[in-house]
Structure formats: C-alpha cells, structure tokens
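First comes the structure, then the notes that go with it.
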Amino acid sequence: MKSILILLGSLSLAVLTGCGKSSEPSVKIGLNTELTGEMPAVGASSQNAAKLFVEQINAAGGIKVGEVTLPINLVIGDNGAKADQAAAVAQRLITKDEVVAMIGPDASVCAIPASDIAEAAKCVMISPWSTNHDTTLDPSTGKPKEYVFRACFTDTFQAQVLAKFALNNIKAKTAAVFYDSSSEAPNQQAALFKKTFENDGGQIVSFETYTTGDKDFSAQLTKIKSTNPEMIFLPAYYNDVPLIAQQARSLGITAQFVGSDAWSSPEIIKLGGAAIEGSYFCNHYSTQIATPIAQKFMADYKAKYGQEPDDVAALTYDAFGLLVEAISDGGSLDRQAIRGALAKIPKYDGITGTMQFQPGSGNPIKSAVILQIKGGEFVWVANAQP
Amino acid sequence: MLDHVLYLAQQSINALQQGSIYALIALGYTMVYGVLTMINFAHGDLFMLGAFACMLLVSVLTPVLVVFPPLLSFIVILLLVMIIIGVLGASIERVAYRPLRNAPRVSAIITALGCGLLIQSLTLVIFPYSKSMPKLFTNTTFELFEMPHPDAAGASVTLTITALQIVIICVSLILMVALDFLIRKTRYGMAMRAISFDSRTVPLMGIPVDRIISTTFLIGAGLGGAAGMLYGLAYPVIAPSMGILVGWKAFIAAVVGGIGSIRGAVLGGFLLGAVEVLAVVMFDSSYRDLISYSLLLLILIFKPYGLLGQAPNQKV
C-alpha cells in the first residue's frame, strides 16, 4: 500500500515538474479578452492582433531582456464579456500561469473587475479599449491604480469631443441620449455627454435607458420621438446599435445618430445597413489617415486575416507594443520593474498615434478621430486633439 | 391633446407586438407544464433555434423562393420552421425527459436546463458571431396619421405601423386561435386536458399518454420556433444567447397568466408586453423592469396560481 502511494506521489510530482519544465525560457504575457458572449467581434480582433504581434516579435528573435533575447509565450483567456469571468481569468493568468503582465480585458464591464485583481497582485495590466475612468482609477480613494494602464483615451475626453462636434459641426441644439444602463462604458459615456453637452449650451430633451439583452426599444424610442430631438446619442455596442437604429427609422425618427467608440466594429455596417448610414462616431484611429507604421500594420493584418483591422485590433497591438518597450527598457521580467519602465516611456509611436502616460496615471495623452458611416465604410471626418 | 392620443396609440402598437411574441413563447411553457407539471427550460433555446432555422432555410431556399410572392414564401418558411423546431422539441422530450418521467421533478428541470445550455453552446460553436436575419419581404412603414408637432415647428407627430408588425400580430393571433380550437374541440385536445387533469387514471382509459405528450412538445416547440422566427424578423440581429432573456420573460408571463392554462399564457404574454411599455410611458425607463416585475409580483400575491390558473386538485 505504502509503496503504491509513494509511486503515485512520485508520478504526480514527475507530471507536475514535467509540465513546468516542458517550455523553453520565454516571456509569458496574458491576454484576457471577450472571445464569447455579447461582443465576440471585439475578442476576435484583440486575439488576432495579439497573435500577429507575437508572431512578428518571435520571428525577429524575441524581446531583449537585459542580456538575453526571449520569445513571447502568449496565454489567452476568454472572459465571455462577463464581469465575474473576467476577474477569474485575470486571477488565473496572474497566479497560476504566472504571466509577467496582462493585456486586456477590452470592454469596461470586464476591465474594471480585472483591474482590481491586477492591482492587488501588483501585476501590470494594460487594457487596450476600456475608456471608463474606474479602470485606471480607484473609485473609493480617487487615486490612480498603480499597475493598471490603458492604450486608449478616456470617456471624459470622448464626451468632450462628441459634445463639441454635435454642437459645432452637426449644429444640434437638442439631443436625446439612449443607452444600456446595465453596462459600464455606456453608462458613463451617457452621463458625461449629457454634462458636457448641457455645459456647452445644448439641451438634453430625453434621457432614456434599456438593459443588456433587450431587443425591443420601441417604447423608449416612441418616447424619444415625442420630444423631437435633433440628434440621438447612442453609446451602445455594435450588437445593439443596428436594432435601435432600424426601429427608430421605422418609427419615423429622422434625427442624426451619434455614437461612441463602441461602434467601431465593421460588424455594425453588416448588421445595420441603411438605418445607420450617415451616422457619426468617435474613434481611436482611422485607416484613412494612417502613418507609415499604421499602414504596415494594416497591410500585415489584412494579409493574415483578410480584413481591415478595427480599433480594438490596433489598440491591442499598441498595448503589446507599450509592454514590450517597457520590458526591454527596464531590462527585467520583474513585475515591479515593468511597471516602473512602462510609466516612464517618453513617447511611444503607435498605430493609433503617439502616446505618453500622464504622470502618476495609467491614462495616455493621445488624440481621437470622428468617423462617419458612408456607403458601407467608416470615413474620416475630423481629428480631435486633447 | 391629439398628439398625446397618437403617442399612446403608437405605444399600444409597440405593446401588442411585444406581447404577441411573449404570448407565443409562453404557450410552449404552459402546454408542457399542463401535461407533465414540469418547466421546460430548454424552450427559450428552441425559440432561438427558430430564428436560426429561418435564416438557414432562407439561405438554402432563396433560388426556389424568388419565383413565389413574398407572402407565400413567408408562410412556407414559417411552416417549415415550425415543423423542424417542433420535431426537435419532441425529440428532446423522447431522449432527455421521458426516461426521467417518474424521477423527481427537480431532476427533470435540471435536465431541461442542461438541454438548453447544450443547444446554446452548440449554436455558439457554429455561429460565434451575431448574424443578420434575412428579409422575407420589404418592411413598408404605413403612416396611419400625421399632424404638425405642437411644440416644434417643421416637425410632425405621426402614427406608424410597419408591415412586419401587422404580420407578427396577425400570425400570432391566428396561431393562438388555432391552438385554442385544437385543445377545446379535438380528440387530441381532450386527451391533453385529461392528462393534465389526472395523469394516473388517463392511461387506464386507453389513452396513449406517450403519444399525446410527444404531440404536446411538437406543438409547443413549434409555436416557440414560430415566435423565434417572428422575433428574428422584427429584431434582425440574432445570436445564440437571444433566447435567455426572452425565455425568462415568457416564462414569467406564463406563470402570471396561470401556468397550465392556455388562455392564461396568452393573457400573461399580452399583459407583460403592455406593462413593460406602460412603465416606460409613465416613468423613467431605468425603472422599467423594477416597475413591471413588481406589478407582476403583486398580481401573484393576490392570485397565487396566476390570473386564469386553477389550484391543483387536492387528492386525499
């Protein structure tokens, strides 16, 4: 009996250590993203860009860490676009897979709970796409989280850009806001847009909500129609926007639609059709005003996946770029050293423009673009500087 | 004044559309409960498959369908979807529920939840992205009434109804009336009512219980499939998760109407549609679910078996 136990024990030990040693020395980077659930197109873009980045770095030999050059080992976790699952994936990547840093999650509803895990574990997290304040800011203390960064602009900046554009370019004096009150990013974007639009002299005539999973918006839209707004701000994800727009148009609403960066997936054009034609939204980059670095990325991405990269793909690529620069600048795989080096990157030339982290904050200083949906394409309209 | 009337009329059309879909799904829950006293939690996912089946049928049959007028091809596809989903529902009963018929109810309910998740996950593997539902006919918007907006110059207040809304409301009503006739006037209906009244004595009377139960699943799932197709046409972005929320709401509608009662399910469905819209009309839309479900809870406090439900016969 005893010998069997010993045999079993040594066997399991062999299996365990075997697992640990089977891989070559490498830099383990985690990707926590929305592969299934409400927004699989976001997860797919993020995963595609991550794989492309890792492939390119590894083909060139890897990352230079001090004296040695190591390849990247990408560990991907699916957060299902759910808050609890995102936290669980973050926990697994950081403690079990022992990644040196985590990229993602993308949506704020996932990024906020995951950021708390990363902050507690003192592991760098860079969210490519989460624009909500609370991702990088601890709402209970009001202080920035030390280990959480993002590669995109924030909702405050986005709200300012959109409110100014609505007042000055669309010349709208009255606006309605319609958003998903159970999702983080839309909630904050709606409130901030209302605040800035009213401050700058506009009037919000209707402020209506729905909940995640709703498909029928006719009651709220009929209500919005009765207040006769000149434009409707829809900070909604690409799955909801087409339904809202189609129902609004069939109710006879002719108001201009304006959206947030959550619109940026090409899926929105496929699903929305004529109803969203002519709508404007705020975004992180445009393929039409791409720098040479961005053009190379777009060509590589298109060659590998057969489609144009959306902003999630570009931001994920930039998040990886920032991380790798921090690792080689710091010359160490120590989580704290990576954090220090990341905060000190002087100026990073990314796909989505140049960025630099504000002192003592995980938010980069960078610009935004306004795009219009025209003839089944995202057409560049204007640039907005911080 | 008139603009308010138009506004309320518009909201009533919205409520009718939502209500008829809830009612169609609620029928499936209530029929299964009637014969088996179990909740078929896979029903919301059969509803979802109705939308996907329609999408696939349209993509396969388009070359054949173009020669027919749109209304005819709509009816053909609707019937095909109902048959496919109906057969699927009956097969699930045969494979997953029948072996558990004498097991505790909880086991059957857990099995149903499992079947639902299985269907959803399989669909998710095949269709990871949301799909666009094809159009079966042009969705013309009819303007029933128009008047100038009282507050804003140049704007107008209108009352509109779309072709799709008319089709959804009419098809649902036709299906419900047909079902009511089937249950009240045919031998099958009589057998079904007998099983729901006393499932132990019925086999002794020579009624083929298994066949009646299979038929009940066939019809219930078929109606769910039809609802899925209509829902997909009305809200043309379809995803494997679309059945969860709607399924829950329809289940609530069935309970409020009185689970086990056919007319109760219809009443519950339309009531839920009306209450949801009314909550938005009268209050801030953030309170919609809070208000509508509090109201439904209130109904259950006073009518614990639902509006048209009957207390189970107490047997000594």
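Chains: A, B, ... in order of the structure tokens. Residues: from 1 per chain. Ligands: from 1, in order shown.
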| message | Please identify all residues of chain B having at least one atom at most 8 Å from any atom of chain A, considering only C-alpha atoms, and return them as a ChimeraX atom specification. | response | /B:7,10-11,14-15,18,128-132,141,152,155,157-158,160-162,235-237,241-242,245,277,280-281,284-286
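Residue neighbourhood of range 132-140 of chain A, excluding near-sequence residues (fewer than 6 positions): Ser108, Ala111, Ile112, Ser115, Val148, Phe149, Thr154, Asp155, Ala185, Gln188 and Gly362 of chain A, at 7 Å, using only C-alpha atoms.
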Atoms kept (N, CA and C atoms) for selection, written as an mmCIF file, in the first residue's frame:
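File produced: result_16.cif:
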data_model
loop_
_atom_site.group_PDB
_atom_site.id
_atom_site.type_symbol
_atom_site.label_atom_id
_atom_site.label_comp_id
_atom_site.auth_asym_id
_atom_site.auth_seq_id
_atom_site.Cartn_x
_atom_site.Cartn_y
_atom_site.Cartn_z
ATOM 1 N N SER A 108 -15.129 47.805 -20.728
ATOM 2 C CA SER A 108 -15.008 48.311 -19.359
ATOM 3 C C SER A 108 -15.693 47.406 -18.350
ATOM 4 N N ALA A 111 -13.049 45.050 -17.759
ATOM 5 C CA ALA A 111 -11.742 45.603 -17.391
ATOM 6 C C ALA A 111 -11.725 46.103 -15.952
ATOM 7 N N ILE A 112 -12.850 46.627 -15.466
ATOM 8 C CA ILE A 112 -12.859 47.173 -14.108
ATOM 9 C C ILE A 112 -12.643 46.074 -13.056
ATOM 10 N N SER A 115 -9.107 44.771 -13.303
ATOM 11 C CA SER A 115 -8.060 45.707 -12.881
ATOM 12 C C SER A 115 -7.848 45.627 -11.368
ATOM 13 N N VAL A 148 -2.342 49.616 -13.307
ATOM 14 C CA VAL A 148 -3.294 49.485 -14.407
ATOM 15 C C VAL A 148 -3.138 50.640 -15.397
ATOM 16 N N PHE A 149 -2.981 50.281 -16.671
ATOM 17 C CA PHE A 149 -2.780 51.256 -17.735
ATOM 18 C C PHE A 149 -3.799 50.994 -18.838
ATOM 19 N N THR A 154 -9.861 58.395 -22.582
ATOM 20 C CA THR A 154 -10.894 58.127 -21.575
ATOM 21 C C THR A 154 -12.253 58.668 -22.021
ATOM 22 N N ASP A 155 -13.280 58.280 -21.270
ATOM 23 C CA ASP A 155 -14.639 58.706 -21.591
ATOM 24 C C ASP A 155 -14.842 60.212 -21.446
ATOM 25 N N ALA A 185 -19.430 51.088 -19.632
ATOM 26 C CA ALA A 185 -18.981 52.153 -20.533
ATOM 27 C C ALA A 185 -20.142 53.043 -21.007
ATOM 28 N N GLN A 188 -21.387 55.554 -18.262
ATOM 29 C CA GLN A 188 -20.547 56.716 -18.004
ATOM 30 C C GLN A 188 -20.540 57.667 -19.199
ATOM 31 N N GLY A 362 -2.435 55.953 -15.336
ATOM 32 C CA GLY A 362 -2.376 54.930 -16.379
ATOM 33 C C GLY A 362 -3.044 55.372 -17.664
#
| Which residue out of B:Val67, B:Leu118, B:Ile39, B:Met55 has the minimum interatomic distance to Ala26 in chain B when only C-alpha atoms are used? |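 Among the listed residues, B:Ile39 lies closest to Ala26 in chain B.
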| query | Where does DSSP see strand (DSSP E or B) in range 77-224 of chain B, if you list the residues as a PyMOL selection string? | reply | chain B and resi 131-132+141-148+156-162
| said: Can you tell me, as a ChimeraX atom specification, which residues in range 91-138 of chain B count as helix (DSSP H, G or I) by DSSP? | reply: /B:91-100,105-126
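Here the question is which of A:Leu323, A:Ala190, A:Ile204, A:Ile268 gets nearest to Gly30 in chain A using only C-alpha atoms, and that residue is A:Leu323.
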| query | Near range 205-219 of chain B, within 10 Å and counting only C-alpha atoms, which residues show up once chain neighbours fewer than 2 positions away are dropped, as a PyMOL selection string? | reply | chain B and resi 27-29+31-32+34-36+40+43+82-94+98+179+188-189+191-192+194-195+199-203+221-225
